[in-house]
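Structure data follow from run_25.txt (compact mmCIF, C-alpha atoms):
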```
# COMPACT_ATOMS: atom_id res chain seq x y z
CA MET A 1 0.00 0.00 0.00
CA TYR A 2 2.87 2.39 0.87
CA ASP A 3 4.31 1.96 -2.59
CA THR A 4 0.97 2.69 -4.27
CA LEU A 5 0.51 5.84 -2.21
CA LEU A 6 4.02 7.08 -2.94
CA GLN A 7 3.24 6.81 -6.67
CA LEU A 8 0.36 9.28 -6.36
CA PRO A 9 1.14 12.53 -8.17
CA LEU A 10 1.07 14.63 -4.98
CA PHE A 11 3.19 12.26 -2.89
CA GLN A 12 5.91 11.47 -5.42
CA GLY A 13 9.35 12.10 -4.01
CA LEU A 14 8.36 11.90 -0.33
CA CYS A 15 10.60 9.55 1.63
CA LYS A 16 9.08 6.67 3.59
CA ASP A 17 9.96 8.25 6.93
CA ASP A 18 8.07 11.45 6.13
CA PHE A 19 5.21 9.38 4.88
CA THR A 20 5.06 7.37 8.11
CA THR A 21 4.81 10.63 10.06
CA ILE A 22 2.09 11.88 7.72
CA ILE A 23 0.05 8.73 8.12
CA GLU A 24 0.17 9.10 11.90
CA LYS A 25 -1.21 12.64 11.78
CA VAL A 26 -3.42 12.84 8.71
CA LYS A 27 -6.72 11.01 8.53
CA PHE A 28 -6.58 8.81 5.43
CA HIS A 29 -10.07 7.78 4.45
CA PHE A 30 -10.11 4.70 2.17
CA GLN A 31 -13.25 3.80 0.27
CA ASP A 32 -14.32 1.16 -2.27
CA PHE A 33 -16.72 1.90 -5.10
CA LYS A 34 -18.43 -0.71 -7.27
CA GLN A 35 -18.51 -0.29 -11.04
CA GLY A 36 -21.05 2.36 -12.03
CA GLU A 37 -21.24 4.01 -8.60
CA SER A 38 -20.88 7.77 -8.32
CA ILE A 39 -17.80 9.09 -6.49
CA VAL A 40 -18.38 12.82 -6.94
CA LYS A 41 -21.19 14.82 -8.56
CA GLN A 42 -20.72 17.78 -10.94
CA GLY A 43 -21.48 21.06 -9.15
CA THR A 44 -20.95 19.80 -5.59
CA SER A 45 -18.50 21.58 -3.34
CA CYS A 46 -14.87 20.42 -3.36
CA ASN A 47 -13.58 20.14 0.21
CA GLN A 48 -11.17 17.24 -0.14
CA LEU A 49 -8.54 15.63 -2.29
CA ILE A 50 -9.70 12.34 -3.80
CA PHE A 51 -7.03 9.97 -5.10
CA LEU A 52 -7.85 7.08 -7.41
CA LEU A 53 -5.63 4.20 -6.21
CA ASN A 54 -6.57 1.47 -8.69
CA GLY A 55 -8.99 0.75 -11.53
CA LYS A 56 -10.53 3.37 -13.78
CA ILE A 57 -13.02 6.19 -13.32
CA THR A 58 -15.13 8.07 -15.85
CA LEU A 59 -15.35 11.84 -15.93
CA LYS A 60 -18.83 12.77 -17.16
CA VAL A 61 -19.71 16.34 -18.06
CA VAL A 62 -23.23 17.27 -19.16
CA ASP A 63 -23.53 20.41 -21.26
CA SER A 64 -27.31 20.59 -21.50
CA LEU A 65 -27.25 24.05 -23.07
CA ASN A 66 -25.35 22.74 -26.08
CA GLY A 67 -26.92 19.30 -26.09
CA TYR A 68 -24.00 16.99 -25.45
CA THR A 69 -22.46 14.78 -22.80
CA PHE A 70 -18.72 14.19 -22.63
CA HIS A 71 -17.19 11.08 -21.00
CA GLU A 72 -13.48 10.52 -20.45
CA ILE A 73 -12.06 7.36 -18.90
CA ILE A 74 -9.18 8.03 -16.51
CA PRO A 75 -6.86 5.28 -15.20
CA ALA A 76 -5.18 5.20 -11.75
CA PRO A 77 -3.15 6.81 -10.27
CA HIS A 78 -5.06 10.07 -10.48
CA VAL A 79 -6.06 12.94 -8.23
CA ILE A 80 -9.49 14.45 -8.92
CA GLU A 81 -9.51 18.21 -9.66
CA PRO A 82 -6.82 19.46 -7.24
CA TYR A 83 -7.51 22.91 -8.77
CA SER A 84 -11.11 22.95 -7.47
CA LEU A 85 -9.95 23.07 -3.85
CA PHE A 86 -8.78 26.70 -4.16
CA GLY A 87 -9.68 29.79 -6.19
CA MET A 88 -13.08 31.30 -6.97
CA SER A 89 -14.94 28.22 -8.25
CA THR A 90 -14.62 25.47 -5.67
CA SER A 91 -17.21 23.15 -7.21
CA TYR A 92 -16.41 20.00 -9.15
CA THR A 93 -16.60 20.66 -12.89
CA GLY A 94 -17.66 17.08 -13.64
CA THR A 95 -19.23 13.93 -12.25
CA TYR A 96 -16.82 11.06 -11.52
CA LEU A 97 -18.11 7.48 -11.75
CA ALA A 98 -16.40 4.16 -11.04
CA GLU A 99 -15.72 2.68 -14.50
CA THR A 100 -14.40 -0.49 -12.87
CA ASP A 101 -14.46 -1.47 -9.18
CA VAL A 102 -12.11 1.08 -7.62
CA LYS A 103 -10.41 2.05 -4.38
CA VAL A 104 -10.04 5.72 -3.54
CA LEU A 105 -8.27 7.65 -0.80
CA THR A 106 -9.86 10.86 0.49
CA ILE A 107 -8.01 13.53 2.47
CA ASP A 108 -9.87 16.44 3.95
CA LYS A 109 -8.85 20.00 3.03
CA SER A 110 -8.10 20.79 6.70
CA PHE A 111 -5.35 18.13 6.84
CA LEU A 112 -3.86 19.59 3.73
CA TYR A 113 -3.52 22.98 5.42
CA ASP A 114 -2.46 21.72 8.81
CA GLU A 115 -0.15 18.85 7.97
CA LEU A 116 0.63 18.06 4.35
CA ASN A 117 1.57 21.62 3.53
CA HIS A 118 4.50 21.37 5.94
CA TYR A 119 6.28 19.06 3.52
CA GLU A 120 8.18 20.94 0.84
CA ILE A 121 7.91 18.06 -1.65
CA PHE A 122 4.15 17.94 -1.27
CA ARG A 123 3.91 21.71 -1.76
CA LEU A 124 6.17 21.57 -4.81
CA ASN A 125 4.20 18.69 -6.29
CA TYR A 126 1.00 20.70 -5.84
CA LEU A 127 2.48 23.80 -7.49
CA ASN A 128 3.90 21.68 -10.32
CA ILE A 129 0.57 19.96 -10.99
CA LEU A 130 -1.37 23.26 -11.06
CA SER A 131 1.28 25.02 -13.16
CA ASN A 132 1.38 22.18 -15.66
CA ARG A 133 -2.35 22.35 -16.05
CA ILE A 134 -2.17 26.09 -16.76
CA GLN A 135 0.64 25.58 -19.27
CA ILE A 136 -1.34 22.92 -21.16
CA ALA A 137 -4.50 25.05 -21.11
CA HIS A 138 -2.46 28.02 -22.33
CA GLN A 139 -1.13 26.04 -25.29
CA LYS A 140 -4.65 24.92 -26.17
CA LEU A 141 -6.12 28.41 -25.86
CA TRP A 142 -3.42 29.89 -28.07
CA SER A 143 -4.21 27.42 -30.82
CA THR A 144 -7.98 27.85 -30.97
CA HIS A 145 -7.83 29.16 -34.51
CA LEU A 146 -9.35 26.88 -37.07
CA GLN A 147 -8.05 24.61 -39.72
CA THR A 148 -9.50 21.53 -41.41
CA LEU A 149 -12.79 19.90 -40.44
CA GLU A 150 -10.95 16.92 -38.89
CA GLU A 151 -8.82 19.31 -36.83
CA LYS A 152 -11.92 21.14 -35.61
CA PHE A 153 -13.42 17.86 -34.43
CA TYR A 154 -10.13 16.90 -32.75
CA ARG A 155 -9.87 20.31 -31.06
CA PHE A 156 -13.41 20.08 -29.75
CA LEU A 157 -12.41 16.85 -27.95
CA SER A 158 -8.90 17.91 -26.98
CA ASP A 159 -10.05 21.23 -25.43
CA ARG A 160 -12.29 19.25 -23.08
CA SER A 161 -10.05 16.29 -22.26
CA LEU A 162 -7.61 15.81 -19.39
CA ARG A 163 -5.07 13.55 -21.09
CA PRO A 164 -3.58 13.57 -24.63
CA GLN A 165 -4.33 9.83 -24.92
CA ALA A 166 -7.90 10.22 -23.59
CA GLU A 167 -10.50 7.50 -24.18
CA ILE A 168 -13.68 9.44 -24.91
CA THR A 169 -17.36 8.85 -25.51
CA LEU A 170 -19.25 11.85 -26.83
CA GLN A 171 -23.04 11.68 -26.76
CA ILE A 172 -24.23 14.15 -29.35
CA THR A 173 -26.28 14.25 -32.51
CA MET A 174 -24.49 14.95 -35.80
CA GLU A 175 -26.68 18.06 -36.12
CA ASP A 176 -25.50 19.42 -32.77
CA LEU A 177 -21.85 18.61 -33.46
CA ALA A 178 -22.11 20.27 -36.87
CA ARG A 179 -23.56 23.38 -35.24
CA LEU A 180 -20.90 23.49 -32.50
CA ILE A 181 -18.00 23.20 -34.93
CA HIS A 182 -19.73 25.41 -37.49
CA GLU A 183 -19.92 22.98 -40.40
CA THR A 184 -22.71 21.38 -42.39
CA ARG A 185 -24.23 18.13 -41.18
CA ILE A 186 -23.33 16.40 -44.44
CA ASN A 187 -19.64 17.37 -44.15
CA VAL A 188 -19.52 16.25 -40.51
CA SER A 189 -21.17 12.94 -41.37
CA ARG A 190 -18.67 12.31 -44.18
CA MET A 191 -15.70 13.21 -41.94
CA LEU A 192 -16.89 10.94 -39.10
CA ASN A 193 -17.50 7.99 -41.43
CA ASN A 194 -14.06 8.50 -42.89
CA LEU A 195 -12.48 8.46 -39.40
CA GLN A 196 -14.49 5.33 -38.60
CA ALA A 197 -13.19 3.63 -41.76
CA GLN A 198 -9.65 4.35 -40.49
CA GLY A 199 -10.52 2.70 -37.16
CA LEU A 200 -10.00 5.94 -35.22
CA ILE A 201 -13.57 6.32 -33.95
CA GLN A 202 -16.69 4.17 -33.62
CA LEU A 203 -20.09 5.62 -34.44
CA LYS A 204 -23.31 4.61 -32.71
CA ARG A 205 -26.71 6.25 -32.61
CA LYS A 206 -26.25 9.76 -31.16
CA GLU A 207 -22.86 8.72 -29.83
CA MET A 208 -19.24 8.48 -30.91
CA TYR A 209 -16.47 6.55 -29.19
CA ILE A 210 -12.83 7.61 -29.50
CA PRO A 211 -10.59 4.82 -28.09
CA ALA A 212 -7.39 6.93 -28.09
CA LEU A 213 -7.34 10.66 -28.76
CA ASP A 214 -3.58 10.69 -29.49
CA LYS A 215 -4.10 8.30 -32.42
CA LEU A 216 -6.68 10.67 -33.84
CA ALA A 217 -4.16 13.52 -33.36
CA LYS A 218 -1.44 11.58 -35.21
CA SER A 219 -3.75 10.94 -38.18
CA LEU A 220 -4.10 14.71 -38.67
CA ILE A 221 -0.42 15.46 -39.21
CA MET B 222 5.92 51.27 0.07
CA TYR B 223 4.70 48.70 2.63
CA ASP B 224 1.11 49.38 1.67
CA THR B 225 1.83 48.96 -2.05
CA LEU B 226 3.59 45.65 -1.44
CA LEU B 227 0.78 44.35 0.76
CA GLN B 228 -1.64 44.99 -2.12
CA LEU B 229 0.25 42.64 -4.40
CA PRO B 230 -1.78 39.52 -5.20
CA LEU B 231 0.67 37.14 -3.50
CA PHE B 232 1.11 39.22 -0.34
CA GLN B 233 -2.53 40.12 0.31
CA GLY B 234 -3.58 39.21 3.82
CA LEU B 235 -0.07 39.12 5.33
CA CYS B 236 0.19 41.17 8.50
CA LYS B 237 2.80 43.93 8.77
CA ASP B 238 4.80 42.01 11.37
CA ASP B 239 5.19 39.00 9.11
CA PHE B 240 6.06 41.29 6.29
CA THR B 241 8.78 42.99 8.33
CA THR B 242 10.32 39.58 9.03
CA ILE B 243 10.10 38.68 5.35
CA ILE B 244 11.82 41.87 4.26
CA GLU B 245 14.69 41.14 6.65
CA LYS B 246 15.29 37.69 5.17
CA VAL B 247 14.25 37.86 1.54
CA LYS B 248 16.25 39.83 -1.00
CA PHE B 249 13.83 42.31 -2.57
CA HIS B 250 15.26 43.59 -5.81
CA PHE B 251 13.65 46.85 -6.95
CA GLN B 252 14.14 48.09 -10.49
CA ASP B 253 12.94 50.98 -12.66
CA PHE B 254 12.18 50.62 -16.35
CA LYS B 255 11.65 53.49 -18.76
CA GLN B 256 8.73 53.45 -21.18
CA GLY B 257 9.41 50.99 -24.03
CA GLU B 258 12.15 49.04 -22.22
CA SER B 259 11.98 45.27 -22.11
CA ILE B 260 11.44 43.65 -18.70
CA VAL B 261 11.26 40.00 -19.78
CA LYS B 262 11.65 38.28 -23.17
CA GLN B 263 9.34 35.54 -24.54
CA GLY B 264 11.04 32.14 -24.32
CA THR B 265 13.58 33.04 -21.62
CA SER B 266 13.75 30.95 -18.48
CA CYS B 267 11.54 31.96 -15.54
CA ASN B 268 13.56 31.84 -12.30
CA GLN B 269 11.93 34.64 -10.39
CA LEU B 270 8.68 36.34 -9.48
CA ILE B 271 8.37 39.81 -11.01
CA PHE B 272 5.81 42.17 -9.49
CA LEU B 273 4.64 45.29 -11.28
CA LEU B 274 4.32 47.94 -8.54
CA ASN B 275 3.11 50.92 -10.56
CA GLY B 276 2.39 52.01 -14.11
CA LYS B 277 1.49 49.69 -16.96
CA ILE B 278 3.25 46.95 -18.88
CA THR B 279 2.49 45.40 -22.26
CA LEU B 280 2.39 41.67 -22.82
CA LYS B 281 3.53 41.02 -26.40
CA VAL B 282 3.21 37.59 -27.98
CA VAL B 283 4.48 36.94 -31.48
CA ASP B 284 2.86 34.00 -33.31
CA SER B 285 5.00 34.03 -36.44
CA LEU B 286 3.57 30.73 -37.69
CA ASN B 287 0.10 32.25 -37.90
CA GLY B 288 1.21 35.73 -38.83
CA TYR B 289 0.02 37.84 -35.93
CA THR B 290 1.27 39.72 -32.88
CA PHE B 291 -0.90 40.13 -29.79
CA HIS B 292 -0.43 42.99 -27.31
CA GLU B 293 -2.26 43.34 -24.01
CA ILE B 294 -1.79 46.27 -21.66
CA ILE B 295 -1.71 45.25 -17.99
CA PRO B 296 -1.99 47.76 -15.12
CA ALA B 297 -0.33 47.46 -11.66
CA PRO B 298 -0.51 45.62 -9.33
CA HIS B 299 0.38 42.48 -11.25
CA VAL B 300 2.65 39.47 -10.92
CA ILE B 301 4.15 38.17 -14.17
CA GLU B 302 3.40 34.50 -14.99
CA PRO B 303 3.57 32.91 -11.52
CA TYR B 304 2.63 29.65 -13.31
CA SER B 305 5.88 29.65 -15.34
CA LEU B 306 8.00 29.15 -12.21
CA PHE B 307 6.86 25.51 -11.84
CA GLY B 308 5.69 22.66 -14.08
CA MET B 309 7.11 21.39 -17.35
CA SER B 310 7.40 24.66 -19.32
CA THR B 311 9.35 27.14 -17.22
CA SER B 312 9.85 29.70 -19.99
CA TYR B 313 7.98 32.98 -20.26
CA THR B 314 5.13 32.69 -22.75
CA GLY B 315 5.35 36.36 -23.71
CA THR B 316 7.57 39.43 -23.80
CA TYR B 317 6.79 42.12 -21.20
CA LEU B 318 7.57 45.75 -22.03
CA ALA B 319 7.23 48.90 -19.95
CA GLU B 320 4.17 50.67 -21.39
CA THR B 321 4.77 53.63 -19.06
CA ASP B 322 7.74 54.26 -16.76
CA VAL B 323 7.38 51.47 -14.19
CA LYS B 324 8.84 50.13 -10.97
CA VAL B 325 9.09 46.37 -10.50
CA LEU B 326 10.06 44.12 -7.61
CA THR B 327 11.91 40.88 -8.36
CA ILE B 328 12.19 37.95 -5.94
CA ASP B 329 14.37 35.00 -6.77
CA LYS B 330 12.85 31.51 -6.87
CA SER B 331 15.23 30.36 -4.10
CA PHE B 332 13.75 32.86 -1.61
CA LEU B 333 10.32 31.64 -2.48
CA TYR B 334 11.29 28.08 -1.48
CA ASP B 335 13.35 29.00 1.54
CA GLU B 336 11.39 31.82 3.09
CA LEU B 337 8.10 32.91 1.58
CA ASN B 338 6.71 29.38 1.47
CA HIS B 339 6.81 29.28 5.29
CA TYR B 340 3.91 31.72 5.40
CA GLU B 341 0.56 30.04 5.06
CA ILE B 342 -1.11 33.13 3.60
CA PHE B 343 1.53 33.38 0.91
CA ARG B 344 1.11 29.68 0.07
CA LEU B 345 -2.66 30.00 -0.02
CA ASN B 346 -2.47 33.10 -2.21
CA TYR B 347 -0.24 31.20 -4.62
CA LEU B 348 -2.58 28.19 -4.77
CA ASN B 349 -5.58 30.50 -5.20
CA ILE B 350 -3.96 32.42 -8.05
CA LEU B 351 -2.97 29.25 -9.92
CA SER B 352 -6.34 27.56 -9.31
CA ASN B 353 -8.23 30.63 -10.50
CA ARG B 354 -6.24 30.66 -13.68
CA ILE B 355 -7.09 26.99 -14.32
CA GLN B 356 -10.77 27.60 -13.62
CA ILE B 357 -10.90 30.52 -16.07
CA ALA B 358 -9.01 28.54 -18.72
CA HIS B 359 -11.36 25.61 -18.15
CA GLN B 360 -14.41 27.79 -18.75
CA LYS B 361 -12.87 29.15 -21.92
CA LEU B 362 -11.87 25.71 -23.21
CA TRP B 363 -15.36 24.32 -22.60
CA SER B 364 -16.90 27.08 -24.67
CA THR B 365 -14.70 26.84 -27.75
CA HIS B 366 -17.62 25.85 -29.94
CA LEU B 367 -18.58 28.46 -32.48
CA GLN B 368 -21.36 30.89 -32.89
CA THR B 369 -21.65 34.17 -34.78
CA LEU B 370 -18.80 35.87 -36.61
CA GLU B 371 -18.58 38.59 -33.93
CA GLU B 372 -18.40 35.92 -31.23
CA LYS B 373 -15.61 34.11 -33.06
CA PHE B 374 -13.60 37.34 -33.21
CA TYR B 375 -14.27 38.01 -29.52
CA ARG B 376 -13.27 34.43 -28.59
CA PHE B 377 -10.03 34.70 -30.54
CA LEU B 378 -9.10 37.69 -28.36
CA SER B 379 -10.55 36.38 -25.11
CA ASP B 380 -8.79 33.00 -25.37
CA ARG B 381 -5.45 34.84 -25.50
CA SER B 382 -6.06 37.61 -22.96
CA LEU B 383 -5.30 37.71 -19.24
CA ARG B 384 -8.11 39.99 -18.09
CA PRO B 385 -11.81 40.27 -19.10
CA GLN B 386 -11.39 44.04 -19.52
CA ALA B 387 -8.15 43.67 -21.54
CA GLU B 388 -6.88 46.56 -23.67
CA ILE B 389 -5.58 44.84 -26.80
CA THR B 390 -3.74 45.63 -30.00
CA LEU B 391 -3.74 42.86 -32.56
CA GLN B 392 -1.34 43.20 -35.48
CA ILE B 393 -2.74 41.04 -38.23
CA THR B 394 -3.97 41.33 -41.80
CA MET B 395 -7.68 40.86 -42.48
CA GLU B 396 -6.73 37.88 -44.67
CA ASP B 397 -4.88 36.17 -41.82
CA LEU B 398 -7.65 36.88 -39.31
CA ALA B 399 -10.25 35.56 -41.76
CA ARG B 400 -8.21 32.39 -42.18
CA LEU B 401 -7.73 31.91 -38.43
CA ILE B 402 -11.41 32.30 -37.60
CA HIS B 403 -12.45 30.42 -40.74
CA GLU B 404 -14.49 33.12 -42.46
CA THR B 405 -14.26 35.00 -45.73
CA ARG B 406 -12.21 38.19 -45.87
CA ILE B 407 -15.24 40.19 -47.01
CA ASN B 408 -17.34 39.04 -44.03
CA VAL B 409 -14.52 39.79 -41.59
CA SER B 410 -14.02 43.25 -43.11
CA ARG B 411 -17.74 44.02 -42.81
CA MET B 412 -17.85 42.79 -39.20
CA LEU B 413 -14.80 44.82 -38.16
CA ASN B 414 -16.09 48.00 -39.81
CA ASN B 415 -19.40 47.49 -38.05
CA LEU B 416 -17.63 47.12 -34.67
CA GLN B 417 -15.62 50.26 -35.46
CA ALA B 418 -18.82 52.18 -36.22
CA GLN B 419 -20.06 51.19 -32.74
CA GLY B 420 -16.82 52.56 -31.21
CA LEU B 421 -15.77 49.13 -29.91
CA ILE B 422 -12.59 48.80 -31.97
CA GLN B 423 -10.29 51.03 -34.02
CA LEU B 424 -8.89 49.83 -37.32
CA LYS B 425 -5.51 50.79 -38.66
CA ARG B 426 -3.39 49.32 -41.44
CA LYS B 427 -2.70 45.67 -40.51
CA GLU B 428 -3.71 46.43 -36.96
CA MET B 429 -6.80 46.61 -34.77
CA TYR B 430 -7.07 48.23 -31.35
CA ILE B 431 -9.62 47.06 -28.78
CA PRO B 432 -9.77 49.59 -25.91
CA ALA B 433 -11.84 47.35 -23.59
CA LEU B 434 -12.58 43.70 -24.31
CA ASP B 435 -15.47 43.56 -21.82
CA LYS B 436 -17.33 46.25 -23.79
CA LEU B 437 -16.97 44.13 -26.90
CA ALA B 438 -18.30 41.16 -24.92
CA LYS B 439 -21.33 43.14 -23.73
CA SER B 440 -22.20 44.15 -27.29
CA LEU B 441 -22.55 40.47 -28.23
CA ILE B 442 -25.30 39.61 -25.75
```
Kindly return the structure encoded in the file as structure tokens.
Amino acid sequence: MYDTLLQLPLFQGLCKDDFTTIIEKVKFHFQDFKQGESIVKQGTSCNQLIFLLNGKITLKVVDSLNGYTFHEIIPAPHVIEPYSLFGMSTSYTGTYLAETDVKVLTIDKSFLYDELNHYEIFRLNYLNILSNRIQIAHQKLWSTHLQTLEEKFYRFLSDRSLRPQAEITLQITMEDLARLIHETRINVSRMLNNLQAQGLIQLKRKEMYIPALDKLAKSLI
Amino acid sequence: MYDTLLQLPLFQGLCKDDFTTIIEKVKFHFQDFKQGESIVKQGTSCNQLIFLLNGKITLKVVDSLNGYTFHEIIPAPHVIEPYSLFGMSTSYTGTYLAETDVKVLTIDKSFLYDELNHYEIFRLNYLNILSNRIQIAHQKLWSTHLQTLEEKFYRFLSDRSLRPQAEITLQITMEDLARLIHETRINVSRMLNNLQAQGLIQLKRKEMYIPALDKLAKSLI
């Protein structure tokens, strides 16, 4: 268990001695979730750090205004929205569901202030994770100009995904997707069928499945 | 001077006693720049926090690949790219020039580790600033779908700007802008002239000036 915990993004680099001291002081709350169970709901208040220790979870974001639902499967180890614990908007931006049976570790915000923050490596890991996220978002925002139809579709997914190699299910009608990326339905349909023929996506009724976003990215070069 | 420093985003909330202790230990490097002088160059390594104490600076980003240069004027108090001190990409994403005569305060990264990080308020301010930035970027990235021509122009600026009320100069040809927002040159020209007639932008040769981005945003609703 020690080894698993020391692999978590926020604990990487801590020595075992420090970690033993932390475990004595900080309340580690372990929890099991069965496949399909909800771990966190979109819009609820973020007062803790939740670490995925094993298995996979699904991030689900419903954009009812624009008529789509975005799912991304995230493997362990992962920490859920460490950037929603601070700042102006301290609500979860998505719902997180157990994609497989999973084990999670929850640490309350108060322990983070009182104990974890005394460890320089923990603090540095936190700053590195947040800064990385900003740097990636910055790169994406500075390349929001438009190119080919395939690139627009890729960008729509990439702008919303956490990982370059994201496994994504997008529930949307072709009409809605066409509207959101500002193309005709017939062009979008042709593009999607072409990507399906290349094995890069799978089309179902009102749904598209992208097994690996980085493969889609590579096909665009 | 104390009062000015305590208004800086990273020092807000520190009490004067703490601040006196900090000043004794941390090397505060004050510097004056004349109007037009360069404070930091795009692509150089970020090893320090630079605070703008008074006056205005200009963020200048050259995107030579896409044929445009983006300028945003930023008033004091401001801290330059605190998110470039950590993470994977520790280079400045833009050039910062003195727009007026300015005074800046520079603190080396080593003092941040060794001294400033011992103050909980400083640490919290840092986490809040970074988290806010992620939350704003997240909102922008989740609304990259397209709507009207005016909205696409606004989004192009907003995705690249630091503040909602940004004062921006964009050096670009109408052809390049039309290509980047995927519209015809004639439509872009008509839209820009219409915005100029409303007093929201000013057009010059290969250049457009947006005095207040939030006013442009309001006109779209």
Å distance separating atom CA of B:Ile355 from atom CA of B:Pro298, one decimal place: 20.4 Å
Contacts of stretch 39-45 of chain A at 8 Å (all atoms listed in the file; same-chain gap of 3+ positions) as a PyMOL selection string: chain A and resi 33+61+90-98
Interface residues on chain A facing chain B, 9 Å, all atoms listed in the file, written as a PDB file with C-alpha atoms, keeping the file's coordinate frame:
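Contents of result38.pdb, freshly written:
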```pdb
ATOM      1  CA  PRO A  82      -6.820  19.460  -7.240  1.00  0.00           C
ATOM      2  CA  TYR A  83      -7.510  22.910  -8.770  1.00  0.00           C
ATOM      3  CA  SER A  84     -11.110  22.950  -7.470  1.00  0.00           C
ATOM      4  CA  LEU A  85      -9.950  23.070  -3.850  1.00  0.00           C
ATOM      5  CA  PHE A  86      -8.780  26.700  -4.160  1.00  0.00           C
ATOM      6  CA  GLY A  87      -9.680  29.790  -6.190  1.00  0.00           C
ATOM      7  CA  MET A  88     -13.080  31.300  -6.970  1.00  0.00           C
ATOM      8  CA  SER A  89     -14.940  28.220  -8.250  1.00  0.00           C
ATOM      9  CA  THR A  93     -16.600  20.660 -12.890  1.00  0.00           C
ATOM     10  CA  TYR A 113      -3.520  22.980   5.420  1.00  0.00           C
ATOM     11  CA  ASN A 117       1.570  21.620   3.530  1.00  0.00           C
ATOM     12  CA  HIS A 118       4.500  21.370   5.940  1.00  0.00           C
ATOM     13  CA  GLU A 120       8.180  20.940   0.840  1.00  0.00           C
ATOM     14  CA  ARG A 123       3.910  21.710  -1.760  1.00  0.00           C
ATOM     15  CA  LEU A 124       6.170  21.570  -4.810  1.00  0.00           C
ATOM     16  CA  ASN A 125       4.200  18.690  -6.290  1.00  0.00           C
ATOM     17  CA  TYR A 126       1.000  20.700  -5.840  1.00  0.00           C
ATOM     18  CA  LEU A 127       2.480  23.800  -7.490  1.00  0.00           C
ATOM     19  CA  ASN A 128       3.900  21.680 -10.320  1.00  0.00           C
ATOM     20  CA  ILE A 129       0.570  19.960 -10.990  1.00  0.00           C
ATOM     21  CA  LEU A 130      -1.370  23.260 -11.060  1.00  0.00           C
ATOM     22  CA  SER A 131       1.280  25.020 -13.160  1.00  0.00           C
ATOM     23  CA  ASN A 132       1.380  22.180 -15.660  1.00  0.00           C
ATOM     24  CA  ARG A 133      -2.350  22.350 -16.050  1.00  0.00           C
ATOM     25  CA  ILE A 134      -2.170  26.090 -16.760  1.00  0.00           C
ATOM     26  CA  GLN A 135       0.640  25.580 -19.270  1.00  0.00           C
ATOM     27  CA  ALA A 137      -4.500  25.050 -21.110  1.00  0.00           C
ATOM     28  CA  HIS A 138      -2.460  28.020 -22.330  1.00  0.00           C
ATOM     29  CA  LYS A 140      -4.650  24.920 -26.170  1.00  0.00           C
ATOM     30  CA  LEU A 141      -6.120  28.410 -25.860  1.00  0.00           C
ATOM     31  CA  TRP A 142      -3.420  29.890 -28.070  1.00  0.00           C
ATOM     32  CA  THR A 144      -7.980  27.850 -30.970  1.00  0.00           C
ATOM     33  CA  HIS A 145      -7.830  29.160 -34.510  1.00  0.00           C
ATOM     34  CA  LEU A 146      -9.350  26.880 -37.070  1.00  0.00           C
ATOM     35  CA  GLN A 147      -8.050  24.610 -39.720  1.00  0.00           C
ATOM     36  CA  ARG A 155      -9.870  20.310 -31.060  1.00  0.00           C
ATOM     37  CA  PHE A 156     -13.410  20.080 -29.750  1.00  0.00           C
ATOM     38  CA  ASP A 159     -10.050  21.230 -25.430  1.00  0.00           C
ATOM     39  CA  ARG A 160     -12.290  19.250 -23.080  1.00  0.00           C
ATOM     40  CA  ARG A 179     -23.560  23.380 -35.240  1.00  0.00           C
ATOM     41  CA  LEU A 180     -20.900  23.490 -32.500  1.00  0.00           C
ATOM     42  CA  ILE A 181     -18.000  23.200 -34.930  1.00  0.00           C
ATOM     43  CA  HIS A 182     -19.730  25.410 -37.490  1.00  0.00           C
TER      44      HIS A 182
END
```
Between atom CA of B:Ile342 and atom CA of B:Gly234, distance in Å (one decimal):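 Atom-to-atom, atom CA of B:Ile342 to atom CA of B:Gly234, that is 6.6 Å.
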Exercise: B:Leu424 partners within 8 Å, all atoms listed in the file, chain neighbours under 3 positions left out, as a PyMOL selection string: chain B and resi 413-414+417+428-430
Selected residue of minimal separation from A:Leu14 among A:Ala166, A:Thr69, A:Lys103, A:Tyr2, counting all atoms listed in the file: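 Between A:Ala166, A:Thr69, A:Lys103, A:Tyr2, the residue approaching A:Leu14 most closely is A:Tyr2.
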Gap from atom CA of B:Val247 to atom CA of B:Glu336 - Å, one decimal: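 One can read the atom CA of B:Val247 to atom CA of B:Glu336 distance as 6.9 Å.
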Contacts of B:Leu227 at 12 Å (only C-alpha atoms; same-chain gap of 4+ positions) as a list of chain:residue names: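 The residues satisfying every condition are B:Met222, B:Tyr223, B:Leu231, B:Phe232, B:Gln233, B:Gly234, B:Leu235, B:Cys236, B:Lys237, B:Asp238, B:Asp239, B:Phe240, B:Thr241, B:Ile243, B:Ile244, B:Phe272, B:Leu274, B:Pro298, B:Ile342, B:Phe343.
If you measure from each of A:Leu116, A:Gln7, A:Ala197, A:Gly67 to A:Thr173 using all atoms listed in the file, the closest one turns out to be A:Gly67.
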